[in-house]
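Q: Got a file for you: upload20.txt, compact mmCIF, C-alpha atoms.
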```txt
# COMPACT_ATOMS: atom_id res chain seq x y z
CA MET K 195 0.00 0.00 0.00
CA SER K 196 1.30 3.47 -0.87
CA LEU K 197 2.10 6.02 1.82
CA ARG K 198 -0.71 8.20 0.45
CA GLY K 199 -3.18 5.33 0.80
CA LEU K 200 -2.03 4.60 4.34
CA ILE K 201 -2.49 8.24 5.38
CA PHE K 202 -5.94 8.27 3.74
CA ASN K 203 -7.00 5.14 5.59
CA LYS K 204 -5.67 6.49 8.87
CA ASN K 205 -7.50 9.75 8.34
CA GLN K 206 -10.67 7.86 7.55
CA LEU K 207 -10.26 5.84 10.73
CA LYS K 208 -9.59 8.98 12.76
CA PHE K 209 -12.73 10.62 11.33
CA LEU K 210 -14.84 7.59 12.13
CA VAL K 211 -13.48 7.43 15.69
CA ILE K 212 -14.21 11.14 16.26
CA LEU K 213 -17.68 10.73 14.79
CA TRP K 214 -18.38 7.71 16.96
CA VAL K 215 -17.16 9.45 20.15
CA THR K 216 -19.22 12.54 19.31
CA LEU K 217 -22.34 10.52 18.72
CA LEU K 218 -21.73 8.55 21.90
CA SER K 219 -21.29 11.77 23.88
CA VAL K 220 -24.50 13.23 22.53
CA HIS K 221 -26.29 9.98 23.19
CA SER K 222 -24.91 9.96 26.74
CA VAL K 223 -26.22 13.45 27.43
CA VAL K 224 -29.66 12.52 26.15
CA TRP K 225 -29.58 9.31 28.10
CA ALA K 226 -28.60 11.16 31.28
CA ASP K 227 -31.57 13.48 30.88
CA GLU K 228 -33.89 10.57 30.20
CA ALA K 229 -32.50 8.72 33.22
CA VAL K 230 -34.15 11.21 35.61
CA PRO K 231 -37.62 9.67 36.00
CA LYS K 232 -40.88 11.39 36.62
CA LEU K 233 -42.19 11.37 40.17
CA GLU K 234 -44.49 8.39 40.60
CA GLY K 235 -47.79 8.14 42.42
CA TYR K 236 -47.77 6.23 45.72
CA GLY K 237 -51.42 6.50 46.76
CA ALA K 238 -50.33 8.68 49.70
CA ASP K 239 -52.78 9.86 52.35
CA LEU K 240 -52.75 13.58 51.58
CA SER K 241 -55.05 14.38 54.50
CA GLN K 242 -51.97 13.99 56.74
CA THR K 243 -49.54 16.27 54.91
CA SER K 244 -47.19 18.62 56.76
CA VAL K 245 -44.18 20.84 56.06
CA SER K 246 -41.01 22.09 57.72
CA GLY K 247 -37.99 24.13 56.72
CA LEU K 248 -34.87 25.99 57.78
CA SER K 249 -33.97 29.64 57.17
CA SER K 250 -35.44 30.70 53.81
CA GLY K 251 -37.06 27.26 53.90
CA GLY K 252 -38.54 28.30 57.26
CA PHE K 253 -39.99 31.46 55.74
CA MET K 254 -41.32 29.34 52.86
CA THR K 255 -42.80 26.89 55.38
CA ALA K 256 -44.67 29.72 57.09
CA GLN K 257 -45.98 30.96 53.73
CA PHE K 258 -46.91 27.49 52.53
CA HIS K 259 -48.63 26.51 55.76
CA VAL K 260 -50.79 29.65 55.80
CA ALA K 261 -51.54 29.86 52.07
CA TYR K 262 -52.44 26.17 51.88
CA SER K 263 -53.72 25.57 55.41
CA ASP K 264 -56.61 23.60 53.93
CA ARG K 265 -54.07 21.04 52.70
CA LEU K 266 -51.79 20.77 55.75
CA VAL K 267 -51.98 19.59 59.36
CA GLY K 268 -48.89 21.28 60.77
CA ALA K 269 -45.56 22.98 60.25
CA GLY K 270 -42.03 23.20 61.60
CA ILE K 271 -40.33 26.58 61.25
CA ILE K 272 -36.63 26.45 62.08
CA ALA K 273 -34.76 29.78 62.23
CA GLY K 274 -37.35 31.43 60.01
CA GLY K 275 -39.84 34.26 60.26
CA PRO K 276 -43.61 34.66 60.07
CA PHE K 277 -45.92 34.64 57.07
CA TYR K 278 -45.53 37.73 54.83
CA CYS K 279 -42.69 38.98 57.02
CA VAL K 280 -41.53 41.56 54.46
CA GLY K 281 -44.94 43.22 54.61
CA SER K 282 -44.75 44.09 58.31
CA TYR K 283 -43.94 47.78 57.77
CA GLU K 284 -43.82 48.08 54.02
CA THR K 285 -46.39 48.11 51.23
CA ASN K 286 -44.02 48.96 48.38
CA PRO K 287 -42.87 45.71 46.72
CA SER K 288 -39.70 47.41 45.46
CA LYS K 289 -38.55 47.55 49.09
CA PHE K 290 -39.38 43.96 50.02
CA LEU K 291 -35.81 42.76 49.49
CA GLN K 292 -34.58 45.45 51.87
CA GLN K 293 -37.14 44.28 54.43
CA ALA K 294 -36.06 40.65 53.92
CA THR K 295 -32.45 41.40 54.81
CA ALA K 296 -33.21 43.81 57.64
CA THR K 297 -36.58 43.47 59.38
CA CYS K 298 -36.85 39.73 58.66
CA ASN K 299 -33.26 38.75 59.42
CA THR K 300 -31.34 41.08 61.68
CA PRO K 301 -33.53 43.95 62.89
CA ALA K 302 -31.58 46.62 64.75
CA THR K 303 -33.95 46.43 67.74
CA ALA K 304 -36.99 44.47 68.83
CA PHE K 305 -39.07 47.53 67.94
CA VAL K 306 -38.37 47.08 64.22
CA ALA K 307 -38.76 43.29 64.20
CA PRO K 308 -41.73 41.92 62.25
CA ASP K 309 -45.15 42.16 63.85
CA GLY K 310 -46.73 38.71 64.11
CA LYS K 311 -50.15 39.92 65.26
CA GLY K 312 -50.22 42.61 62.59
CA LEU K 313 -49.25 40.07 59.95
CA PHE K 314 -52.13 37.84 61.01
CA LYS K 315 -54.49 40.77 60.37
CA LYS K 316 -52.99 41.16 56.90
CA ALA K 317 -53.33 37.42 56.32
CA SER K 318 -57.01 37.68 57.29
CA GLN K 319 -57.52 40.24 54.53
CA PHE K 320 -55.66 38.03 52.04
CA ALA K 321 -57.96 35.17 53.01
CA ALA K 322 -61.02 37.37 52.55
CA ASP K 323 -59.70 38.23 49.09
CA LYS K 324 -59.26 34.48 48.34
CA LYS K 325 -55.51 34.86 47.87
CA ILE K 326 -54.85 32.26 50.57
CA ALA K 327 -56.90 29.58 52.33
CA ASP K 328 -59.42 30.29 55.07
CA LEU K 329 -57.38 30.89 58.23
CA ASN K 330 -59.82 28.87 60.32
CA ASN K 331 -58.01 25.85 58.91
CA LEU K 332 -55.04 26.71 61.14
CA LYS K 333 -56.92 26.34 64.42
CA ASP K 334 -56.50 22.57 64.74
CA ASP K 335 -52.92 22.44 63.44
CA ARG K 336 -49.75 21.87 65.43
CA VAL K 337 -46.57 23.89 65.02
CA TYR K 338 -42.90 23.55 65.99
CA ILE K 339 -40.71 26.69 66.13
CA PHE K 340 -36.97 26.96 66.80
CA THR K 341 -34.36 29.65 67.29
CA GLY K 342 -30.77 29.06 68.37
CA SER K 343 -29.39 31.50 70.94
CA LYS K 344 -26.23 31.95 68.82
CA ASP K 345 -28.10 32.58 65.58
CA GLN K 346 -27.09 35.96 64.15
CA VAL K 347 -28.59 35.33 60.69
CA VAL K 348 -32.27 35.23 61.66
CA LYS K 349 -32.42 36.70 65.13
CA THR K 350 -34.66 35.45 67.93
CA GLU K 351 -36.73 38.66 67.80
CA VAL K 352 -37.83 37.62 64.31
CA VAL K 353 -38.65 34.03 65.21
CA ASP K 354 -40.63 35.22 68.25
CA GLN K 355 -43.15 36.70 65.85
CA VAL K 356 -43.89 33.29 64.33
CA ALA K 357 -45.30 32.28 67.70
CA LYS K 358 -47.22 35.58 67.92
CA PHE K 359 -48.75 34.94 64.49
CA TYR K 360 -50.00 31.47 65.42
CA GLN K 361 -51.28 32.67 68.78
CA ALA K 362 -53.28 35.32 66.93
CA ALA K 363 -54.59 32.55 64.68
CA GLY K 364 -56.13 30.86 67.71
CA LEU K 365 -53.72 27.98 68.34
CA LYS K 366 -53.64 26.86 71.97
CA PRO K 367 -50.36 26.66 73.94
CA GLU K 368 -50.10 22.88 73.54
CA GLN K 369 -50.38 23.26 69.76
CA ILE K 370 -47.22 25.39 69.64
CA LYS K 371 -43.85 24.03 70.75
CA TYR K 372 -41.27 26.81 70.75
CA ASP K 373 -37.67 25.80 71.40
CA ARG K 374 -36.39 29.22 72.44
CA ASP K 375 -33.08 29.90 74.20
CA SER K 376 -32.79 26.20 75.00
CA VAL K 377 -29.91 25.45 72.60
CA ASN K 378 -26.72 27.47 71.97
CA ALA K 379 -27.05 26.84 68.27
CA GLY K 380 -25.98 28.90 65.30
CA HIS K 381 -28.05 29.23 62.15
CA ALA K 382 -28.73 25.61 61.28
CA ILE K 383 -30.92 22.55 61.51
CA ILE K 384 -29.87 20.39 64.45
CA VAL K 385 -28.68 16.77 64.39
CA GLN K 386 -27.33 14.21 66.84
CA GLN K 387 -23.93 14.09 65.15
CA GLY K 388 -22.60 16.46 62.53
CA SER K 389 -19.48 18.10 61.15
CA VAL K 390 -20.36 21.63 62.32
CA GLY K 391 -20.19 22.65 65.98
CA CYS K 392 -23.46 23.51 67.68
CA SER K 393 -22.86 27.25 68.09
CA ASP K 394 -21.31 27.79 64.65
CA THR K 395 -22.87 29.13 61.48
CA ASN K 396 -21.10 27.34 58.65
CA THR K 397 -21.99 25.25 55.61
CA PRO K 398 -23.79 22.88 55.33
CA TYR K 399 -25.75 24.46 58.24
CA ILE K 400 -26.41 21.08 59.84
CA ASN K 401 -25.12 21.43 63.39
CA ASP K 402 -24.11 18.88 66.01
CA CYS K 403 -26.17 19.75 69.10
CA ASP K 404 -26.83 16.19 70.33
CA PHE K 405 -30.46 15.76 69.26
CA MET K 406 -32.41 15.17 66.08
CA GLN K 407 -34.53 18.23 65.39
CA SER K 408 -36.45 16.52 62.59
CA GLN K 409 -37.82 14.07 65.14
CA ARG K 410 -38.96 16.91 67.40
CA VAL K 411 -40.65 18.57 64.45
CA LEU K 412 -42.57 15.48 63.40
CA GLU K 413 -43.56 14.48 66.92
CA GLN K 414 -44.96 17.94 67.58
CA ILE K 415 -47.01 17.74 64.41
CA TYR K 416 -48.17 14.10 64.61
CA GLY K 417 -47.86 13.19 68.28
CA LYS K 418 -45.88 10.29 69.70
CA LEU K 419 -44.05 8.39 66.96
CA ASN K 420 -42.21 5.10 66.73
CA PRO K 421 -38.45 5.37 67.33
CA PRO K 422 -36.39 6.13 64.21
CA ALA K 423 -34.84 3.33 62.23
CA ASP K 424 -31.14 2.57 62.73
CA GLN K 425 -30.92 1.64 59.07
CA PRO K 426 -33.76 2.92 56.86
CA THR K 427 -35.29 0.27 54.66
CA GLY K 428 -36.61 2.62 51.99
CA LYS K 429 -34.99 4.46 49.11
CA ILE K 430 -34.12 7.98 48.13
CA ILE K 431 -35.42 8.72 44.66
CA LYS K 432 -34.30 11.49 42.33
CA PHE K 433 -37.02 12.77 40.05
CA ASP K 434 -37.70 15.38 37.40
CA GLN K 435 -38.90 18.46 39.29
CA SER K 436 -39.04 20.56 36.12
CA GLU K 437 -42.39 19.12 35.05
CA PHE K 438 -44.00 20.87 38.02
CA ILE K 439 -42.46 24.28 37.28
CA GLN K 440 -44.85 26.46 35.32
CA ALA K 441 -43.02 29.81 35.51
CA LYS K 442 -39.68 31.28 34.42
CA ASN K 443 -38.35 32.89 37.59
CA THR K 444 -38.62 30.16 40.19
CA SER K 445 -34.89 29.38 40.59
CA MET K 446 -36.03 25.79 41.17
CA SER K 447 -33.74 22.96 40.10
CA LYS K 448 -34.45 20.48 37.34
CA GLU K 449 -34.21 17.64 39.84
CA ALA K 450 -35.57 17.03 43.33
CA TYR K 451 -35.64 14.14 45.79
CA ALA K 452 -37.96 12.09 47.96
CA TYR K 453 -37.53 9.39 50.56
CA VAL K 454 -39.96 6.51 50.20
CA PRO K 455 -40.04 3.89 52.99
CA LYS K 456 -40.44 0.33 51.77
CA VAL K 457 -43.86 0.03 53.39
CA CYS K 458 -45.07 3.04 51.39
CA GLU K 459 -44.62 1.10 48.16
CA THR K 460 -47.67 -0.95 49.09
CA GLU K 461 -49.48 1.02 51.81
CA SER K 462 -50.88 4.56 51.93
CA CYS K 463 -48.51 6.86 53.82
CA LYS K 464 -48.45 10.41 55.11
CA VAL K 465 -46.38 13.08 53.34
CA HIS K 466 -43.95 15.53 54.90
CA VAL K 467 -42.29 18.28 52.85
CA ALA K 468 -38.77 19.16 54.09
CA ILE K 469 -37.58 22.48 52.64
CA HIS K 470 -33.86 23.26 52.73
CA GLY K 471 -32.45 26.72 53.45
CA CYS K 472 -30.16 29.08 51.54
CA GLU K 473 -26.96 27.43 50.31
CA GLN K 474 -28.41 24.00 51.15
CA GLY K 475 -29.73 22.74 47.84
CA ALA K 476 -28.24 19.59 46.37
CA LYS K 477 -26.38 21.67 43.76
CA LEU K 478 -24.30 23.09 46.62
CA ILE K 479 -24.12 20.49 49.41
CA GLY K 480 -24.94 17.24 47.60
CA ASN K 481 -27.01 14.77 49.60
CA ASN K 482 -26.40 16.35 53.02
CA TYR K 483 -29.89 17.76 53.52
CA TYR K 484 -31.91 14.90 52.15
CA SER K 485 -29.76 12.19 53.72
CA LEU K 486 -28.28 13.50 56.98
CA THR K 487 -30.98 15.54 58.71
CA GLY K 488 -32.80 12.58 60.26
CA TYR K 489 -36.13 12.88 58.47
CA ASN K 490 -35.69 9.60 56.62
CA GLU K 491 -35.00 7.53 59.73
CA ILE K 492 -38.10 8.73 61.60
CA ALA K 493 -40.21 8.58 58.43
CA ASP K 494 -39.12 5.00 57.81
CA THR K 495 -40.79 3.66 60.95
CA ASN K 496 -43.85 5.89 60.79
CA ASN K 497 -45.22 5.32 57.29
CA MET K 498 -44.21 8.72 55.94
CA ILE K 499 -42.88 9.85 52.56
CA VAL K 500 -40.51 12.83 52.76
CA LEU K 501 -40.44 15.22 49.81
CA TYR K 502 -37.32 17.38 49.31
CA PRO K 503 -38.03 20.13 46.75
CA GLN K 504 -34.98 21.98 45.45
CA VAL K 505 -33.92 25.56 44.69
CA GLU K 506 -30.52 26.41 43.25
CA PRO K 507 -28.36 29.55 43.00
CA SER K 508 -28.90 31.90 40.09
CA ASN K 509 -26.81 34.87 39.00
CA ALA K 510 -29.15 35.69 36.15
CA THR K 511 -32.88 36.39 36.31
CA PRO K 512 -33.92 35.87 39.02
CA TYR K 513 -30.85 37.01 40.95
CA ASN K 514 -30.64 34.45 43.73
CA PRO K 515 -26.92 33.78 44.29
CA LYS K 516 -27.35 31.79 47.51
CA GLY K 517 -30.16 29.54 46.33
CA CYS K 518 -32.79 30.85 48.76
CA TRP K 519 -36.51 30.19 48.61
CA ASP K 520 -38.59 33.23 47.73
CA PHE K 521 -40.05 35.21 50.62
CA TRP K 522 -39.64 38.69 49.12
CA GLY K 523 -40.90 38.42 45.55
CA TYR K 524 -38.21 37.37 43.06
CA SER K 525 -40.37 34.58 41.61
CA SER K 526 -43.25 36.89 40.71
CA ALA K 527 -43.72 37.57 36.99
CA ASP K 528 -44.76 41.14 37.79
CA PRO K 529 -42.52 42.60 40.53
CA ALA K 530 -45.05 45.35 41.18
CA ASN K 531 -47.72 42.76 41.99
CA PRO K 532 -45.90 39.95 43.83
CA VAL K 533 -47.64 36.64 44.46
CA PHE K 534 -44.92 34.81 46.44
CA TYR K 535 -47.10 34.66 49.60
CA THR K 536 -50.32 33.61 47.82
CA ARG K 537 -51.65 30.38 46.38
CA GLU K 538 -50.42 31.66 43.01
CA SER K 539 -46.78 31.48 44.13
CA PRO K 540 -44.98 29.53 41.39
CA GLN K 541 -42.78 27.79 43.95
CA MET K 542 -45.69 26.77 46.18
CA LYS K 543 -47.76 25.65 43.20
CA ALA K 544 -44.86 23.42 42.12
CA ILE K 545 -44.69 21.84 45.59
CA ILE K 546 -48.45 21.30 45.60
CA GLY K 547 -48.11 19.57 42.23
CA MET K 548 -45.52 17.19 43.67
CA ILE K 549 -47.70 16.44 46.69
CA ASP K 550 -50.67 15.74 44.44
CA ARG K 551 -48.55 13.38 42.36
CA LEU K 552 -47.60 11.39 45.47
CA GLY K 553 -51.30 11.02 46.19
CA GLU K 554 -52.06 9.53 42.78
CA SER K 555 -52.55 5.80 42.40
CA ARG K 556 -49.49 3.66 41.92
CA SER K 557 -48.68 2.67 38.38
CA LYS K 558 -49.30 -1.02 37.74
```
Translate this structure into C-alpha cells?
A:
Amino acid sequence: MSLRGLIFNKNQLKFLVILWVTLLSVHSVVWADEAVPKLEGYGADLSQTSVSGLSSGGFMTAQFHVAYSDRLVGAGIIAGGPFYCVGSYETNPSKFLQQATATCNTPATAFVAPDGKGLFKKASQFAADKKIADLNNLKDDRVYIFTGSKDQVVKTEVVDQVAKFYQAAGLKPEQIKYDRDSVNAGHAIIVQQGSVGCSDTNTPYINDCDFMQSQRVLEQIYGKLNPPADQPTGKIIKFDQSEFIQAKNTSMSKEAYAYVPKVCETESCKVHVAIHGCEQGAKLIGNNYYSLTGYNEIADTNNMIVLYPQVEPSNATPYNPKGCWDFWGYSSADPANPVFYTRESPQMKAIIGMIDRLGESRSK
C-alpha cells in the first residue's frame, strides 16, 4: 500500500473514531436526561400532609402553611420568620428585598422586628380576598418553632413573631412548641452528630447539638411516633422536578428528591415536605440535607414519605446567588404585583403539584 493510501486510511479511521465518540457523547447526554424519571404516584394519604424548613425554607414553610392551610396539618419553622414577614412595615414591593435582609433577618432592635399579630391581620384580609386559604383551617394544626441562641442570621426577635402569628390565629399553647433559648445553636438545623459545631454558622448548616430536630418537628405535628430506624429500609429517589415548574423565575432545580419507605410502596402513607435553606440545595451540598438531617429515619418507621423540593443559585434572572426560597418576591412575573405569599406562588404551586402526584394511584 502506498504512503498516500495509508495516510488516507488512517484519516478515515480517525474521522470515524471522532464521529463515533461525538455521537456517543450526545447519546450519553440525552440518556442522562432521560434517566431522571418522573415522580411516581404512591397512593399517599394527603389528609396527613405537613411541612417544615430551615432559614429561607422556614420562611417558605410559614408561607406554605398559611396559604395552603386547607391542605396541611402542621408545620415546623426552624430559624425562620412569620408569614408575609416583608410586609410588616412596608407596602411597596420594590422595598421587600430590603425588608427581607433587615426586618426579617437582623432587625436593629426588637421595635423594628416583624409584627406577628399585625401580619395575622394582613393574612385575614388576604384570606377574605381568596388569595390564601381560610385561616380557620389553622386552628386545629400543630406547630414547631426553633431559634438558636447563637443565631445571628435570623435573630430570635424575628422568630418570636412566628409564635405571635399562630397565637393570633387561635392555636392553643399545647399546639405550639417553641424551642427558644434552649440550645446554643448557630443558624442551622440540628442533628445528633454532625461536622459543624453547635454554636457555629457554617456550611452545610447542619449542626451537632446532640439531638435530632427533625424528630422533634414530626412528633410535635403528629404526636408520639415510633423510634427512628437505625438503618432505613426505603430508598431515596431522584425525580424530574421541572415538570412541576410552570413559571420562568422560580430558581427551582431540574431535579428534586424524595424518601420513600419500603412500606409506602404498598401502603398509603403520610407526606412531609422538608424544605432546605439558603446554600443548602443539592447543587451546593450534595445529599447532606436529604440524607443526613434525620427525616428519613423517623419517616421509615412511621409510614411517611418525605419530599425534598430543590432551589438552586442563580446569578441571572432571578438574581438568587445563595439559592434561597422566595419570601420577598423574586419569583413573581410582575414585581409590582408579587404573588410569592399567595396560592399563586410559582414555587408553592410546584410543591403542591408534587404532593398531588404522590397522592395519585401507583402505576401497575
Q: Rank nothing, just name the residue among K:Met548, K:Ala327, K:Val356, K:Val505 nearest to K:Lys448, using only C-alpha atoms.
A: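 Closest residue, counting only C-alpha atoms: K:Val505.
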Q: Fewer than 6 positions away in the same chain doesn't count, so skip those; otherwise give me all residues within 7 Å of stretch 323-326 of chain K, counting all atoms listed in the file, as an MDAnalysis selection string.
A: chainID K and resid 261:262 536:537
Q: Taking into account only C-alpha atoms, which residue in the set K:Ser408, K:Ser389, K:Ser282, K:Asn482 is nearest to K:Lys316?
A: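 Ranked by minimum distance to K:Lys316, first place goes to K:Ser282.
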Q: Mind giving me the axis-aligned box for stretch 262-272 of chain K with 8 Å on every side, centre plus edges in Å to one decimal, as AutoDock Vina command-line options?
A:
```
--center_x -46.6 --center_y 23.1 --center_z 57.0 --size_x 36.0 --size_y 23.0 --size_z 26.2
```
Q: Find the residues of stretch 520-551 of chain K that sit at most 12 Å from stretch 422-439 of chain K; for each, write down the nearest two atoms and how far apart they are in Å, to one decimal. Count all atoms listed in the file. Sort by chain, then by number going up, and give it as CSV.
A:
```
residue,atom,partner,partner_atom,distance
K:Ser525,CA,K:Ile439,CA,11.4
K:Ser539,CA,K:Ile439,CA,10.8
K:Pro540,CA,K:Ile439,CA,7.1
K:Gln541,CA,K:Ile439,CA,7.5
K:Met542,CA,K:Ile439,CA,9.8
K:Lys543,CA,K:Phe438,CA,8.0
K:Ala544,CA,K:Phe438,CA,4.9
K:Ile545,CA,K:Phe438,CA,7.7
K:Ile546,CA,K:Phe438,CA,8.8
K:Gly547,CA,K:Phe438,CA,6.0
K:Met548,CA,K:Phe438,CA,6.9
K:Ile549,CA,K:Phe438,CA,10.4
K:Asp550,CA,K:Phe438,CA,10.6
K:Arg551,CA,K:Phe438,CA,9.8
```
Q: Just to confirm, what's the straight-line distance from atom CA of K:Thr341 to atom CA of K:Tyr483 in Å (one decimal)?
A: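 Going from atom CA of K:Thr341 over to atom CA of K:Tyr483, I get 18.7 Å.
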Q: With all atoms listed in the file as the basis for distance, which of K:Asp309, K:Asp520, K:Glu491, K:Asp404 is at the shortest distance from K:Ala379?
A: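 Of all the options, K:Asp404 lies closest to K:Ala379.
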Q: Taking into account only C-alpha atoms, which residue in the set K:Cys518, K:Ala317, K:Ala452, K:Leu478 is nearest to K:Ile499?
A: K:Ala452
Q: Which residues are near K:Ala530? Cut-off 12 Å, all atoms listed in the file, ignore same chain within fewer than 3 positions. Put them as a VMD selection string.
A: chain K and resid 285 to 290 522 to 527 533 to 534
Q: Could you check the closest approach to K:Ile492 for each of K:Asn443, K:Ser246, K:Asn531, K:Asn420 and tell me which residue wins, using only C-alpha atoms?
A: K:Asn420
Q: Quick one: everything within 7 Å of K:Gly380, counting all atoms listed in the file, minus sequence neighbours fewer than 4 positions away in the same chain. Send it as a PDB file with C-alpha atoms, in the frame of the given file.
A:
```
ATOM      1  CA  GLY K 342     -30.770  29.060  68.370  1.00  0.00           C
ATOM      2  CA  LYS K 344     -26.230  31.950  68.820  1.00  0.00           C
ATOM      3  CA  ASP K 345     -28.100  32.580  65.580  1.00  0.00           C
ATOM      4  CA  CYS K 392     -23.460  23.510  67.680  1.00  0.00           C
ATOM      5  CA  SER K 393     -22.860  27.250  68.090  1.00  0.00           C
ATOM      6  CA  ASP K 394     -21.310  27.790  64.650  1.00  0.00           C
ATOM      7  CA  THR K 395     -22.870  29.130  61.480  1.00  0.00           C
TER       8      THR K 395
END
```
Q: Give me, please, the distance in Å between atom CA of K:Phe359 and atom CA of K:Tyr372, quoted to one decimal.
A: 12.7 Å
Q: Mind pulling up the distance from atom CA of K:Val260 to atom CA of K:Gln440?
A: 21.6 Å
Q: Under the rule that all atoms listed in the file are counted, which of K:Ala493, K:Leu329, K:Ala322, K:Ala294 is the nearest residue to K:Leu412?
A: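 Smallest distance to K:Leu412 is found for K:Ala493.
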